Amino acid sequence: MTNILDLVARILISALFLLNGVFKISNYDGTIGWMEGFGIPGILIIPAIILELVGPILIILGYKAKIAAGLLCLFCIATAVIFHNDFSDQMQLGSFLKNIALAGGFLFILINGTKDFSLDRKF
């Protein structure tokens with residue numbers, strides 16, 4: 001049962017990033033404008049999209065999951081600090097804390113790795 005729950009947890013924590021990566025592609029120009037509004041160069045959308053698509057797939061498959069989880073952990077902390085730092089706005093505070101919580105989930109994967117239902121364990 002632990003192996004199944006590990007896989008389900010990896011899918012659940014990854015789903016948000018897969019969807020956000022697809023959203024960034026479908027709303028490419030709008031996302032660049034939003035990022036630039038925070039002083040972030042729009043060109044950084046490309047590595048963000050790659051990370052948000054490839055990282056979750058690796059975590060779900062359990063292949064190089066520790067590396068992917070470490071990168072996504074750092075990504076969550078960076079996006080929390082850069083984009084959700086207006087703590088007077090309750091929505092922004094909630095988004096900040098959500099990103100920090102997701103970073104914690106990825107940190108768990110980084111520390112503990114994956115269980116038997118993963119390519120890392122098979123190879």
# chains A, B, ... in the order shown; residues from 1 in each chain; ligands from 1
$ select_by_dssp --residues "chain A" --states "alpha helix (DSSP H)" --output "MDAnalysis selection string"
chainID A and resid 2:26 28:36 45:61 65:83 90:112 119:122
$ closest_residue --among "A:Ile45, A:Met91, A:Ile109, A:Ile100" --to "Ile67 (chain A)" --atoms "only C-alpha atoms"
A:Ile109
$ closest_residue --among "A:Ile43, A:Ala15, A:Ile82, A:Leu72" --to "Gly55 (chain A)" --atoms "only C-alpha atoms"
A:Leu72
$ closest_residue --among "A:Gly62, A:Pro56, A:Gly70, A:Pro47" --to "Thr114 (chain A)" --atoms "only C-alpha atoms"
A:Gly62
$ closest_residue --among "A:Leu102, A:Ala68, A:Asp29, A:Phe75" --to "Ala48 (chain A)" --atoms "only C-alpha atoms"
A:Phe75
$ residues_around --residues "Lys122 (chain A)" --least-positions-apart "4" --cutoff "12 Å" --atoms "only C-alpha atoms" --output "VMD selection string"
chain A and resid 61 to 64 114 to 118
$ closest_residue --among "A:Gly42, A:Gly113, A:Gly105, A:Gly30" --to "Asn3 (chain A)" --atoms "only C-alpha atoms"
A:Gly113
$ residues_around --residues "Leu93 (chain A)" --least-positions-apart "6" --cutoff "10 Å" --atoms "only C-alpha atoms" --output "PyMOL selection string"
chain A and resi 80+84-87+99
